[in-house]
Each structure stands twice: as structure tokens, then as C-alpha cells.
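Trainee: To start, I am sharing the structure in question, which I have written as C-alpha cells.
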Amino acid sequence: MSTYVIGDIQGCYKEFKELLKQINFNKKKDTLWLAGDLVNRGPKSYDVIKYIMDLDSSAITVLGNHDFFLMASYYKLDPWPYKNNNFEDILSSKDADQIINWLRNQKLIHLDSELGYILSHAGIYPEWSLNETISLAAQIENALKGKKCKSFIKTLWSNEPNKWERNLSKKEKLIFATNVFTRMRYLNKNLFLDFDEKTNPENLENSSLVPWYDFNNNIYENYKVIIGHWSTLGYRNKGNFISIDTGCSWGNKLTSIKILKNKKVKKIEIKC
Ligand SMILES: [Mn+2]
């Protein structure tokens with residue numbers, strides 16, 4: 001009865017299976033949380049996603065930006081970019097409809113109040129309360145499940161608005177929140193989202209930017225946030241967050257954590 005979290009798999013099926021073997025993952029007893037970006041870049045997106053679908057309720061997935069790329073590509077939505085994607089194995093398969101339908105039913109955040117964790121692909125916005133965070137994730141999840149999913153995803157390819165305001169329209173709020181949950185790394189000091197900088201904070205030359213997790217939020221009194229998405233950050237377990245994207249698709253590592261008691265975790269990783 002253990003809970004494990006695995007970072008961005010990105011089509012690296014061989015490494016994913018090897019890591020599951022390493023941690024002795026048992027689908028009948030254990031739970032696996034996946035930090036999103038299941039697909040793209042690596043060679044076997046189809047195999048990764050079908051394997052996770054077969055785990056049924058023993059796997060919990062939050063969506064990442066590459067998972068949104070896949071949905072947008074399936075629906076052929078302009079102006080989403082289609083070049084350089086590597087999930088044709090999914091799009092050309094007879095299961096494509098079923099896979100997209102499964103993605104549409106995954107989450108933006110997973111919250112476990114007993115263990116005290118929130119899983120999000122990219123992070124949580126500093127100005128949001130817990131209720132606001134939960135509500136925004138639920139609204140995006142409902143829009144993906146709903147009949148207007150295609151037109152909803154079409155609206156998401158936008159870097160605007162880049163600042164949270166209470167008086168944004170519902171549409172603007174959901175664009176902003178999807179960017180926070182799936183793409184965020186840095187904010188400027190006035191809490192505007194930055195969409196370009198990907199570097200590790202230790203090597204950051206642009207002093208106007210701050211990693212999202214360096215801003216305080218009352219949420220951290222009760223929850224630690226687990227993220228993937230930021231491969232240049234690599235594995236970090238600091239006060240309010242744990243990052244576990246260690247760049248498997250770039251030939252680095254695939255990382256898992258086992259959730260232990262009292263907010264402790266055990267890291268298990270393999271070379272890719
Ligand atoms: Mn990502």
C-alpha cells in the first residue's frame with residue numbers, strides 16, 4: 001500500500017517499465033501518481049499511455065503541456081504548433097479516439113489532504129488560495145470533459161493574460177490557470193508569468209525573474225507541491241515543493257519518489 005510519484009516520462013517506455021520494476025510497483029496494492037507530460041519527444045508515447053490507461057484507478061495523472069499538445073494536434077487546432085512533435089504513433093493508431101478521451105478525463109491537480117501533497121505538472125500560482133486553486137483546476141477538468149472540449153482547447157494557445165486579476169473573464173481565468181498548472185516556471189516580481197525562461201535558477205542571468213515557488217502562499221502551511229516540467233531544475237526537495245522532472249527524454253534520468261510518513265520521501269531513479 002505505497003504511493004509513488006513519477007516525473008515526466010515523455011514517451012520513454014523502456015525506462016518507465018524499468019523504473020516500475022525497480023520500485024516493485026504492484027498495481028493491485030500501490031498507487032502511482034504521474035506528474036504529466038506522458039508523451040512527446042521520446043520514442044514510444046503510445047506504449048506509455050496505453051500502459052498507464054491499463055493501470056486504471058491505481059494511476060492518477062495530472063496533465064502537462066505536452067499532453068495538451070497531443071490533444072490539440074488530434075483536433076488539428078490552429079494556432080497550436082504541430083512541427084517537431086513526436087506522437088504520431090498515437091495519432092495514427094486505431095486507439096487515438098480512446099486515448100484522447102482518456103486524456104480529457106485526467107486532472108490538472110491532484111490533492112491528497114491526508115498525505116499533505118498537491119501534484120501539479122508545473123506549479124501553483126502564489127496569489128491563489130487553496131479553494132481558488134481547486135476550483136480553477138475543476139473548471140478546466142470539466143471543460144475538457146464537456147461537449148465543447150475542442151473549442152475550449154483552441155482558446156488555450158495564448159500567453160495572455162499573463163497576470164492574475166480577480167476581474168478577468170471566465171475564459172481568461174481558465175487560459176491563465178492552464179498556463180500556471182502546465183507551463184509556469186518563472187514570474188516577475190509583480191507576479192506576471194514568464195513563458196520563455198527555462199534555465200536553472202542558479203544559472204539565471206535575468207534578475208527580474210523569480211521561480212514561482214519562491215513566493216509565499218498560505219497553501220504551504222498544509223501542503224507540499226510536487227511538480228515535473230522543469231528538467232533544468234532536476235530533482236529538488238525544498239521546503240514547499242519537490243521537483244521530479246530529471247530529463248529522461250534528454251538522456252538524463254527518470255525519477256520516482258515514494259511518499260513516506262511526515263512529508264518524507266524516498267527517491268528512486270534510473271539512468272536513461
Ligand atoms: Mn512540461
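Note on naming: chains are A, B, ... as they come in the C-alpha cells, residues start from 1 per chain, ligands start from 1 in the order shown.
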Skipping near chain neighbours, those fewer than 6 positions away, what residues fall within 12 Å of Phe176 of chain A using only C-alpha atoms, listed as an mmCIF file with C-alpha atoms, in the first residue's frame?
Mentor:
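Saved result, part-v7.cif, follows:
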```cif
data_model
loop_
_atom_site.group_PDB
_atom_site.id
_atom_site.type_symbol
_atom_site.label_atom_id
_atom_site.label_comp_id
_atom_site.auth_asym_id
_atom_site.auth_seq_id
_atom_site.Cartn_x
_atom_site.Cartn_y
_atom_site.Cartn_z
ATOM 1 C CA ILE A 124 0.572 26.688 -8.108
ATOM 2 C CA TYR A 125 0.143 30.444 -8.525
ATOM 3 C CA THR A 133 -6.722 26.504 -6.904
ATOM 4 C CA LEU A 136 -9.846 26.547 -11.236
ATOM 5 C CA ALA A 137 -8.492 23.021 -11.744
ATOM 6 C CA ILE A 140 -10.578 23.181 -16.583
ATOM 7 C CA THR A 155 -8.656 29.101 -26.697
ATOM 8 C CA LEU A 156 -5.737 27.864 -24.585
ATOM 9 C CA TRP A 157 -2.907 28.606 -27.006
ATOM 10 C CA SER A 158 -2.248 32.053 -25.573
ATOM 11 C CA ASN A 159 0.240 33.866 -23.346
ATOM 12 C CA GLU A 160 -2.447 36.381 -22.423
ATOM 13 C CA PRO A 161 -3.488 37.225 -19.817
ATOM 14 C CA ASN A 162 -0.147 36.894 -18.067
ATOM 15 C CA LYS A 163 -1.234 38.446 -14.763
ATOM 16 C CA TRP A 164 -3.944 37.201 -12.427
ATOM 17 C CA GLU A 165 -6.747 39.671 -11.754
ATOM 18 C CA ARG A 166 -9.991 38.956 -9.946
ATOM 19 C CA LEU A 168 -10.685 38.546 -15.586
ATOM 20 C CA SER A 169 -13.435 36.864 -17.600
ATOM 21 C CA LYS A 170 -14.030 33.152 -17.001
ATOM 22 C CA THR A 182 1.100 23.197 -17.147
ATOM 23 C CA ARG A 183 3.726 25.744 -18.255
ATOM 24 C CA MET A 184 4.828 28.058 -15.423
ATOM 25 C CA PHE A 192 3.438 38.300 -14.290
ATOM 26 C CA LEU A 193 4.033 34.879 -15.858
ATOM 27 C CA ASP A 194 7.179 34.500 -17.934
ATOM 28 C CA PHE A 195 6.896 31.985 -20.778
#
```
Trainee: Give the residues close to ligand 1, within 6 Å, counting only C-alpha atoms and all ligand atoms; write them as a PyMOL selection string.
Mentor: chain A and resi 37+64-65+229
Trainee: Restricted to N, CA and C atoms, what would the selected residues look like written as a short mmCIF file (atom, residue, chain, number, x, y, z; two decimals), in the first residue's frame?
Mentor:
```
data_model
loop_
_atom_site.label_atom_id
_atom_site.label_comp_id
_atom_site.auth_asym_id
_atom_site.auth_seq_id
_atom_site.Cartn_x
_atom_site.Cartn_y
_atom_site.Cartn_z
N ASP A 37 3.08 15.23 -18.81
CA ASP A 37 3.99 15.06 -19.95
C ASP A 37 4.34 13.57 -20.13
N GLY A 64 0.18 17.62 -18.46
CA GLY A 64 1.24 18.59 -18.72
C GLY A 64 1.06 19.25 -20.07
N ASN A 65 1.92 20.22 -20.38
CA ASN A 65 1.79 20.94 -21.64
C ASN A 65 1.90 20.02 -22.85
N HIS A 229 7.99 18.93 -15.15
CA HIS A 229 8.06 20.05 -16.08
C HIS A 229 9.40 20.77 -16.18
#
```
Trainee: Can you pull out every residue within 10 Å of Leu20 of chain A, counting only C-alpha atoms, but drop anything in the same chain fewer than 4 positions away, and send it as a PDB file with N, CA, C and O atoms, in the first residue's frame?
Mentor:
```pdb
ATOM      1  N   TYR A   4       3.612   6.171  -4.986  1.00  0.00           N
ATOM      2  CA  TYR A   4       4.805   6.612  -5.701  1.00  0.00           C
ATOM      3  C   TYR A   4       4.422   7.730  -6.664  1.00  0.00           C
ATOM      4  O   TYR A   4       3.286   7.776  -7.139  1.00  0.00           O
ATOM      5  N   ILE A   6       5.943   9.544 -10.262  1.00  0.00           N
ATOM      6  CA  ILE A   6       6.963   9.518 -11.322  1.00  0.00           C
ATOM      7  C   ILE A   6       6.841  10.786 -12.166  1.00  0.00           C
ATOM      8  O   ILE A   6       5.746  11.239 -12.485  1.00  0.00           O
ATOM      9  N   GLU A  15      12.325   2.917 -20.160  1.00  0.00           N
ATOM     10  CA  GLU A  15      12.801   3.421 -18.870  1.00  0.00           C
ATOM     11  C   GLU A  15      11.680   3.425 -17.828  1.00  0.00           C
ATOM     12  O   GLU A  15      11.903   3.134 -16.653  1.00  0.00           O
ATOM     13  N   PHE A  16      10.475   3.748 -18.276  1.00  0.00           N
ATOM     14  CA  PHE A  16       9.304   3.748 -17.383  1.00  0.00           C
ATOM     15  C   PHE A  16       9.088   2.348 -16.804  1.00  0.00           C
ATOM     16  O   PHE A  16       8.938   2.171 -15.586  1.00  0.00           O
ATOM     17  N   ASN A  24       9.333  -2.007  -7.542  1.00  0.00           N
ATOM     18  CA  ASN A  24       8.415  -3.114  -7.231  1.00  0.00           C
ATOM     19  C   ASN A  24       6.962  -2.681  -7.235  1.00  0.00           C
ATOM     20  O   ASN A  24       6.194  -3.065  -6.339  1.00  0.00           O
ATOM     21  N   PHE A  25       6.590  -1.860  -8.205  1.00  0.00           N
ATOM     22  CA  PHE A  25       5.229  -1.339  -8.232  1.00  0.00           C
ATOM     23  C   PHE A  25       4.231  -2.466  -8.447  1.00  0.00           C
ATOM     24  O   PHE A  25       4.360  -3.264  -9.371  1.00  0.00           O
ATOM     25  N   ASN A  26       3.232  -2.527  -7.547  1.00  0.00           N
ATOM     26  CA  ASN A  26       2.195  -3.555  -7.623  1.00  0.00           C
ATOM     27  C   ASN A  26       0.848  -2.873  -7.824  1.00  0.00           C
ATOM     28  O   ASN A  26       0.316  -2.235  -6.916  1.00  0.00           O
ATOM     29  N   LEU A  32       0.077   5.006  -8.107  1.00  0.00           N
ATOM     30  CA  LEU A  32       1.097   5.732  -8.859  1.00  0.00           C
ATOM     31  C   LEU A  32       0.544   7.084  -9.282  1.00  0.00           C
ATOM     32  O   LEU A  32      -0.498   7.157  -9.923  1.00  0.00           O
ATOM     33  N   SER A 256      11.533   8.673  -9.541  1.00  0.00           N
ATOM     34  CA  SER A 256      10.311   8.435  -8.777  1.00  0.00           C
ATOM     35  C   SER A 256      10.564   8.810  -7.328  1.00  0.00           C
ATOM     36  O   SER A 256      11.713   8.811  -6.865  1.00  0.00           O
TER      37      SER A 256
END
```
Trainee: For each of A:Glu114, A:Asp214, A:Glu127, A:Asp8, take the minimum atom-to-atom distance to Thr61 of chain A, counting only C-alpha atoms, then give the residue where this is smallest.
Mentor: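 Looking at the shortest contact to Thr61 of chain A, the residue is A:Asp8.
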Trainee: Could you list, as a tab-separated table (two decimals) with N, CA, C and O atoms, in the first residue's frame, every residue within 7 Å of Ile109 of chain A, counting only C-alpha atoms and ignoring same-chain residues fewer than 4 positions away?
Mentor:
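Dumped everything to selection-v9.tsv:
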```
chain	number	residue	atom	x	y	z
A	62	VAL	N	-1.89	13.92	-13.69
A	62	VAL	CA	-2.19	15.33	-13.97
A	62	VAL	C	-1.58	15.66	-15.33
A	62	VAL	O	-0.53	15.13	-15.70
A	118	ILE	N	0.03	18.35	-2.99
A	118	ILE	CA	-0.69	18.70	-4.22
A	118	ILE	C	0.25	18.37	-5.38
A	118	ILE	O	1.40	18.81	-5.39
A	119	LEU	N	-0.25	17.58	-6.31
A	119	LEU	CA	0.51	17.26	-7.51
A	119	LEU	C	0.04	18.16	-8.64
A	119	LEU	O	-1.17	18.26	-8.90
A	120	SER	N	0.98	18.84	-9.29
A	120	SER	CA	0.65	19.70	-10.43
A	120	SER	C	1.81	19.58	-11.40
A	120	SER	O	2.97	19.45	-10.98
A	137	ALA	N	-8.84	24.33	-11.17
A	137	ALA	CA	-8.49	23.02	-11.74
A	137	ALA	C	-9.77	22.28	-12.14
A	137	ALA	O	-9.85	21.70	-13.23
```
Trainee: Point out the residue among A:Leu77, A:Leu55, A:Ile9, A:Leu63 with the least atom-to-atom distance to Leu38 of chain A, counting only C-alpha atoms.
Mentor: A:Ile9
Trainee: Have a look at A:Lys253, A:Lys198, A:Lys189, A:Lys14 and name the one nearest to Leu233 of chain A; count only C-alpha atoms.
Mentor: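 Selected residue with least distance to Leu233 of chain A: A:Lys198.
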Trainee: Pull the strand (DSSP E) assignments for segment 29-236 of chain A out of DSSP run on the backbone, and list those residues as a VMD selection string.
Mentor: chain A and resid 31 to 34 59 to 61 109 to 112 117 to 120 186 to 188 193 to 194 209 to 211 224 to 227 236
Trainee: Which residues are close to Ser58 of chain A, i.e. within 10 Å by only C-alpha atoms, leaving aside same-chain residues fewer than 6 positions away? Reply as a list in words.
Mentor: Thr3, Asn26, Lys27, Lys28, Lys29, Asp30, Thr31, Leu32, Trp33 and Ile52 of chain A
Trainee: Go ahead and write the selection's residues with C-alpha atoms as a PDB file, in the first residue's frame.
Mentor:
```pdb
ATOM      1  CA  THR A   3       2.186   5.786  -3.080  1.00  0.00           C
ATOM      2  CA  ASN A  26       2.195  -3.555  -7.623  1.00  0.00           C
ATOM      3  CA  LYS A  27      -0.931  -2.355  -9.416  1.00  0.00           C
ATOM      4  CA  LYS A  28      -3.176  -4.268  -7.002  1.00  0.00           C
ATOM      5  CA  LYS A  29      -1.766  -2.633  -3.872  1.00  0.00           C
ATOM      6  CA  ASP A  30       0.128   0.530  -4.762  1.00  0.00           C
ATOM      7  CA  THR A  31      -0.855   3.905  -6.191  1.00  0.00           C
ATOM      8  CA  LEU A  32       1.097   5.732  -8.859  1.00  0.00           C
ATOM      9  CA  TRP A  33       0.858   9.478  -9.351  1.00  0.00           C
ATOM     10  CA  ILE A  52      -0.966   3.878 -17.847  1.00  0.00           C
TER      11      ILE A  52
END
```
Trainee: Closest to Thr178 of chain A among A:Gln139, A:Gln10, A:Asn200, A:Ser45, using only C-alpha atoms?
Mentor: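 For Thr178 of chain A, the nearest of the given residues is A:Gln139.
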Trainee: May I ask which of the residues A:Lys17, A:Ile153, A:Lys264, A:Asn179 is the closest one to Ser73 of chain A, counting only C-alpha atoms?
Mentor: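 Of A:Lys17, A:Ile153, A:Lys264, A:Asn179, the one nearest Ser73 of chain A is A:Ile153, counting only C-alpha atoms.
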Trainee: Given only C-alpha atoms as the basis, pick out the residue of A:Leu34, A:Ile219, A:Leu204, A:Ile134 nearest to Leu111 of chain A.
Mentor: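 Counting only C-alpha atoms, the residue closest to Leu111 of chain A is A:Ile134.
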Trainee: Env of Asn188 of chain A: 6 Å cut, atoms = only C-alpha atoms, seq-sep filter 5 positions within chain, self excluded. Answer as an MDAnalysis selection string.
Mentor: chainID A and resid 208:210
Trainee: Can you list, as a PyMOL selection string, all residues belonging to segment 2-247 of chain A that DSSP tags as helix (DSSP H, G or I)?
Mentor: chain A and resi 13-22+45-54+56-58+65-74+88-91+96-103+130-145+149-156+170-183+201-203+212-214+218-221
Trainee: Could you pull the residues within 7 Å of Ile227 of chain A, counting only C-alpha atoms, minus those fewer than 5 positions along the same chain, as a list of chain:residue names?
Mentor: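 My reading of the contact set: A:Ala35, A:Leu119, A:Ser120, A:His121, A:Ala122, A:Gly123, A:Ile242, A:Ser243, A:Ile244.
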